[in-house]
Amino acid sequence: MTKLEICCYGIDCAMTAQQSGADRVELCSAPREGGLTPSAGVLEAAQRELSIPVHPIVRPRGGDFCYTAQEFEVMKSDVALMRELGFPGVVIGMLDEDAHVDIVRMRQIMALSDGMAVTFHRAFDLCHSPKRSLDVLTDLGVARILTSGQQQSAETGIALLRELNELSTGPIIMAGAGVRLSNLQKFIDSGLQEVHSSASRLVASPMRYRKAGVSMCSEAEVDEFSRTCVDGDVVEAMKSMLEMTAVRVA
């Protein structure tokens with residue numbers, strides 16, 4: 001059966017995903033940045049509260065995936081902490097200046113992650129050559145590649161996703177970016193083993209007093225009084241579709 005990974009921005013979202021039937025959680029912070037490394041407190045809470053596999057992302061900032069020496073040292077420290085805390089996997093990715101997989105640094109990450117499953121995240125979607133990168137990541141021993149098929153959405157990139165899935169002799173090809181209940185069947189029909197979704201909705205702040213004209217973000221249009229949360233009903237529906245499809249195939 002196709003597995004369902006839910007991208008969760010915080011411990012409450014992760015608990016909702018677990019209760020609703022997710023197979024695995026990708027744990028992040030900062031949804032507006034596309035996912036950054038969660039804090040030590042969130043990591044500890046995840047180990048305490050969750051029983052399904054949790055793979056935290058290791059990404060020190062938004063923007064590209066070509067990191068400075070100092071940023072890479074931070075990333076190595078984060079991977080070491082996650083391994084020490086007992087997480088079964090991590091989500092990470094890095095490219096060099098020419099948009100190829102940074103092999104030298106990824107070898108160091110693989111060594112630090114010994115015993116953990118490594119997902120190479122959507123840095124893959126910015127790489128120069130997806131097929132060459134698949135070969136490199138296979139040789140490195142990564143467990144899976146999270147990708148939209150190098151398109152803005154995985155639905156648009158489904159042809160490359162299917163091709164990569166057929167070519168891969170190692171990493172699982174996991175579709176992510178715009179995977180939702182309405183298009184889930186397309187990814188199932190493409191033969192993909194895993195899908196990744198935020199299954200999200202905006203939740204209004206419980207605050208009754210709301211200070212007007214002040215934002216914590218330089219983008220004035222950002223709404224400080226709503227946040228992205230996992231929609232448990234959507235996760236349940238997606239999981240149900242995956243289960244029913246598996247039964248039909250069997």
# chains A, B, ... in the order shown; residues from 1 in each chain; ligands from 1
call {"tool": "select_by_dssp", "arguments": {"residues": "stretch 97-228 of chain A", "states": "alpha helix (DSSP H)", "output": "number ranges by chain"}}
result
A: 103-112, 130-140, 158-167, 184-189
call {"tool": "write_last_selection", "arguments": {"atoms": "N, CA, C and O atoms", "output": "tab-separated table (two decimals), in the first residue's frame"}}
result
chain	number	residue	atom	x	y	z
A	103	ILE	N	28.20	16.17	-3.22
A	103	ILE	CA	28.56	14.80	-2.85
A	103	ILE	C	29.45	14.76	-1.61
A	103	ILE	O	29.25	13.94	-0.72
A	104	VAL	N	30.43	15.65	-1.55
A	104	VAL	CA	31.37	15.63	-0.43
A	104	VAL	C	30.64	15.83	0.89
A	104	VAL	O	30.84	15.08	1.87
A	105	ARG	N	29.76	16.81	0.94
A	105	ARG	CA	29.04	17.09	2.18
A	105	ARG	C	27.98	16.02	2.46
A	105	ARG	O	27.77	15.64	3.62
A	106	MET	N	27.33	15.52	1.42
A	106	MET	CA	26.33	14.48	1.65
A	106	MET	C	26.97	13.20	2.17
A	106	MET	O	26.36	12.49	2.97
A	107	ARG	N	28.20	12.91	1.78
A	107	ARG	CA	28.90	11.74	2.34
A	107	ARG	C	29.08	11.91	3.85
A	107	ARG	O	28.93	10.96	4.62
A	108	GLN	N	29.39	13.14	4.27
A	108	GLN	CA	29.54	13.39	5.71
A	108	GLN	C	28.20	13.23	6.44
A	108	GLN	O	28.15	12.66	7.54
A	109	ILE	N	27.14	13.70	5.81
A	109	ILE	CA	25.81	13.55	6.41
A	109	ILE	C	25.44	12.07	6.51
A	109	ILE	O	24.90	11.63	7.54
A	110	MET	N	25.72	11.30	5.48
A	110	MET	CA	25.39	9.87	5.51
A	110	MET	C	26.16	9.17	6.63
A	110	MET	O	25.62	8.29	7.32
A	111	ALA	N	27.41	9.55	6.84
A	111	ALA	CA	28.20	8.95	7.92
A	111	ALA	C	27.63	9.33	9.28
A	111	ALA	O	27.52	8.49	10.18
A	112	LEU	N	27.25	10.60	9.44
A	112	LEU	CA	26.65	11.05	10.71
A	112	LEU	C	25.30	10.41	10.96
A	112	LEU	O	24.89	10.25	12.11
A	130	PRO	N	18.15	15.60	-13.01
A	130	PRO	CA	17.49	14.69	-12.07
A	130	PRO	C	17.95	13.24	-12.19
A	130	PRO	O	18.09	12.55	-11.17
A	131	LYS	N	18.21	12.77	-13.40
A	131	LYS	CA	18.61	11.37	-13.55
A	131	LYS	C	20.04	11.15	-13.03
A	131	LYS	O	20.32	10.14	-12.38
A	132	ARG	N	20.92	12.09	-13.33
A	132	ARG	CA	22.28	12.00	-12.79
A	132	ARG	C	22.23	12.08	-11.25
A	132	ARG	O	22.92	11.32	-10.56
A	133	SER	N	21.39	12.97	-10.72
A	133	SER	CA	21.27	13.11	-9.27
A	133	SER	C	20.71	11.84	-8.64
A	133	SER	O	21.12	11.45	-7.54
A	134	LEU	N	19.77	11.20	-9.32
A	134	LEU	CA	19.25	9.92	-8.82
A	134	LEU	C	20.37	8.90	-8.69
A	134	LEU	O	20.47	8.19	-7.68
A	135	ASP	N	21.25	8.83	-9.69
A	135	ASP	CA	22.38	7.89	-9.63
A	135	ASP	C	23.29	8.22	-8.46
A	135	ASP	O	23.74	7.32	-7.73
A	136	VAL	N	23.58	9.51	-8.28
A	136	VAL	CA	24.46	9.93	-7.18
A	136	VAL	C	23.85	9.57	-5.83
A	136	VAL	O	24.52	9.02	-4.95
A	137	LEU	N	22.57	9.87	-5.66
A	137	LEU	CA	21.90	9.62	-4.38
A	137	LEU	C	21.74	8.12	-4.12
A	137	LEU	O	21.77	7.68	-2.97
A	138	THR	N	21.61	7.35	-5.19
A	138	THR	CA	21.58	5.89	-5.04
A	138	THR	C	22.92	5.40	-4.51
A	138	THR	O	22.97	4.59	-3.58
A	139	ASP	N	24.01	5.89	-5.09
A	139	ASP	CA	25.35	5.50	-4.65
A	139	ASP	C	25.60	5.93	-3.20
A	139	ASP	O	26.28	5.22	-2.44
A	140	LEU	N	25.05	7.07	-2.81
A	140	LEU	CA	25.23	7.56	-1.44
A	140	LEU	C	24.44	6.72	-0.43
A	140	LEU	O	24.77	6.70	0.76
A	158	ILE	N	4.24	14.80	-12.83
A	158	ILE	CA	3.97	13.37	-12.63
A	158	ILE	C	4.68	12.48	-13.65
A	158	ILE	O	5.04	11.34	-13.34
A	159	ALA	N	4.93	12.99	-14.85
A	159	ALA	CA	5.62	12.18	-15.86
A	159	ALA	C	7.05	11.86	-15.41
A	159	ALA	O	7.50	10.70	-15.51
A	160	LEU	N	7.77	12.87	-14.89
A	160	LEU	CA	9.13	12.63	-14.41
A	160	LEU	C	9.10	11.77	-13.15
A	160	LEU	O	9.96	10.90	-12.96
A	161	LEU	N	8.12	11.98	-12.28
A	161	LEU	CA	7.99	11.14	-11.09
A	161	LEU	C	7.87	9.68	-11.47
A	161	LEU	O	8.51	8.80	-10.88
A	162	ARG	N	7.03	9.41	-12.45
A	162	ARG	CA	6.83	8.03	-12.91
A	162	ARG	C	8.12	7.46	-13.48
A	162	ARG	O	8.51	6.32	-13.20
A	163	GLU	N	8.82	8.27	-14.28
A	163	GLU	CA	10.07	7.81	-14.89
A	163	GLU	C	11.14	7.54	-13.83
A	163	GLU	O	11.83	6.50	-13.88
A	164	LEU	N	11.28	8.45	-12.87
A	164	LEU	CA	12.26	8.25	-11.81
A	164	LEU	C	11.93	7.01	-10.99
A	164	LEU	O	12.83	6.25	-10.58
A	165	ASN	N	10.65	6.80	-10.74
A	165	ASN	CA	10.22	5.63	-9.97
A	165	ASN	C	10.60	4.33	-10.69
A	165	ASN	O	11.02	3.35	-10.07
A	166	GLU	N	10.46	4.33	-12.02
A	166	GLU	CA	10.81	3.14	-12.80
A	166	GLU	C	12.32	2.94	-12.86
A	166	GLU	O	12.81	1.81	-12.90
A	167	LEU	N	13.07	4.05	-12.87
A	167	LEU	CA	14.53	3.96	-12.98
A	167	LEU	C	15.21	3.61	-11.67
A	167	LEU	O	16.28	2.99	-11.66
A	184	LEU	N	-4.93	12.58	-5.37
A	184	LEU	CA	-4.17	11.47	-4.80
A	184	LEU	C	-4.19	10.23	-5.69
A	184	LEU	O	-3.18	9.53	-5.84
A	185	GLN	N	-5.34	9.95	-6.31
A	185	GLN	CA	-5.45	8.74	-7.12
A	185	GLN	C	-4.46	8.74	-8.28
A	185	GLN	O	-3.97	7.68	-8.70
A	186	LYS	N	-4.12	9.91	-8.80
A	186	LYS	CA	-3.16	9.99	-9.90
A	186	LYS	C	-1.79	9.45	-9.49
A	186	LYS	O	-1.11	8.79	-10.28
A	187	PHE	N	-1.41	9.74	-8.27
A	187	PHE	CA	-0.10	9.28	-7.79
A	187	PHE	C	-0.13	7.78	-7.48
A	187	PHE	O	0.84	7.07	-7.73
A	188	ILE	N	-1.26	7.33	-6.98
A	188	ILE	CA	-1.41	5.89	-6.75
A	188	ILE	C	-1.32	5.14	-8.07
A	188	ILE	O	-0.60	4.14	-8.20
A	189	ASP	N	-2.03	5.64	-9.09
A	189	ASP	CA	-2.06	4.99	-10.40
A	189	ASP	C	-0.70	5.02	-11.08
A	189	ASP	O	-0.42	4.19	-11.96
call {"tool": "atom_distance", "arguments": {"atom1": "atom CA of A:Asp78", "atom2": "atom CA of A:Met174"}}
result
23.4 Å
call {"tool": "residues_around", "arguments": {"residues": "A:Gly232", "least_positions_apart": "5", "cutoff": "7 Å", "atoms": "only C-alpha atoms", "output": "NGL selection string"}}
result
:A and (16-17 or 20)
call {"tool": "residues_around", "arguments": {"residues": "A:Asp102", "least_positions_apart": "6", "cutoff": "9 Å", "atoms": "only C-alpha atoms", "output": "list in words"}}
result
Cys66, Gly93, Met94, Leu95 and Asp96 of chain A
call {"tool": "write_last_selection", "arguments": {"atoms": "N, CA and C atoms", "output": "mmCIF file, in the first residue's frame"}}
result
data_model
loop_
_atom_site.group_PDB
_atom_site.id
_atom_site.type_symbol
_atom_site.label_atom_id
_atom_site.label_comp_id
_atom_site.auth_asym_id
_atom_site.auth_seq_id
_atom_site.Cartn_x
_atom_site.Cartn_y
_atom_site.Cartn_z
ATOM 1 N N CYS A 66 22.549 25.811 -1.199
ATOM 2 C CA CYS A 66 24.004 25.896 -1.281
ATOM 3 C C CYS A 66 24.473 26.616 -0.018
ATOM 4 N N GLY A 93 19.081 18.058 2.374
ATOM 5 C CA GLY A 93 19.524 18.140 0.994
ATOM 6 C C GLY A 93 20.428 19.328 0.797
ATOM 7 N N MET A 94 21.405 19.172 -0.078
ATOM 8 C CA MET A 94 22.311 20.283 -0.364
ATOM 9 C C MET A 94 22.881 20.148 -1.765
ATOM 10 N N LEU A 95 23.082 21.294 -2.397
ATOM 11 C CA LEU A 95 23.591 21.359 -3.758
ATOM 12 C C LEU A 95 24.854 22.213 -3.791
ATOM 13 N N ASP A 96 25.663 22.010 -4.817
ATOM 14 C CA ASP A 96 26.825 22.878 -5.000
ATOM 15 C C ASP A 96 26.442 24.065 -5.889
#
call {"tool": "select_by_dssp", "arguments": {"residues": "stretch 76-111 of chain A", "states": "strand (DSSP E)", "output": "list in words"}}
result
Gly89, Val90, Val91 and Ile92 of chain A
call {"tool": "closest_residue", "arguments": {"among": "A:Val222, A:Val58, A:Ala45, A:Met216", "to": "A:Gly10", "atoms": "only C-alpha atoms"}}
result
A:Ala45
call {"tool": "closest_residue", "arguments": {"among": "A:Asp23, A:Asp125, A:Glu243, A:Asp231", "to": "A:Leu202", "atoms": "only C-alpha atoms"}}
result
A:Asp231
call {"tool": "residues_around", "arguments": {"residues": "A:Lys211", "least_positions_apart": "3", "cutoff": "12 Å", "atoms": "only C-alpha atoms", "output": "list in words"}}
result
Met207, Arg208, Val214, Ser215, Met216, Asp223, Glu224 and Phe225 of chain A
call {"tool": "write_last_selection", "arguments": {"atoms": "C-alpha atoms", "output": "PDB file, in the first residue's frame"}}
result
ATOM      1  CA  MET A 207      -7.047  35.955  20.405  1.00  0.00           C
ATOM      2  CA  ARG A 208      -9.923  38.352  20.949  1.00  0.00           C
ATOM      3  CA  VAL A 214       1.671  45.760  13.367  1.00  0.00           C
ATOM      4  CA  SER A 215       3.169  42.690  11.716  1.00  0.00           C
ATOM      5  CA  MET A 216       6.002  40.397  12.777  1.00  0.00           C
ATOM      6  CA  ASP A 223      -1.968  37.635   8.549  1.00  0.00           C
ATOM      7  CA  GLU A 224      -0.556  37.242  12.047  1.00  0.00           C
ATOM      8  CA  PHE A 225      -3.853  35.863  13.322  1.00  0.00           C
TER       9      PHE A 225
END
call {"tool": "closest_residue", "arguments": {"among": "A:Ile57, A:Ile92, A:Met1, A:Val79", "to": "A:Gly35", "atoms": "only C-alpha atoms"}}
result
A:Ile57
call {"tool": "residues_around", "arguments": {"residues": "A:Glu194", "least_positions_apart": "3", "cutoff": "7 Å", "atoms": "only C-alpha atoms", "output": "compact mmCIF listing (two decimals) with N, CA and C atoms, in the first residue's frame"}}
result
# COMPACT_ATOMS: atom_id res chain seq x y z
N THR A 2 0.48 2.24 -0.76
CA THR A 2 1.20 3.51 -0.78
C THR A 2 1.17 4.15 0.61
N LYS A 3 2.33 4.59 1.07
CA LYS A 3 2.43 5.19 2.40
C LYS A 3 2.19 6.69 2.33
N LEU A 4 1.64 7.22 3.43
CA LEU A 4 1.29 8.64 3.52
C LEU A 4 2.15 9.33 4.57
N MET A 174 9.27 9.69 -3.59
CA MET A 174 8.09 10.14 -2.86
C MET A 174 7.60 11.46 -3.45
N ALA A 175 6.37 11.47 -3.93
CA ALA A 175 5.79 12.67 -4.54
C ALA A 175 5.40 13.67 -3.47
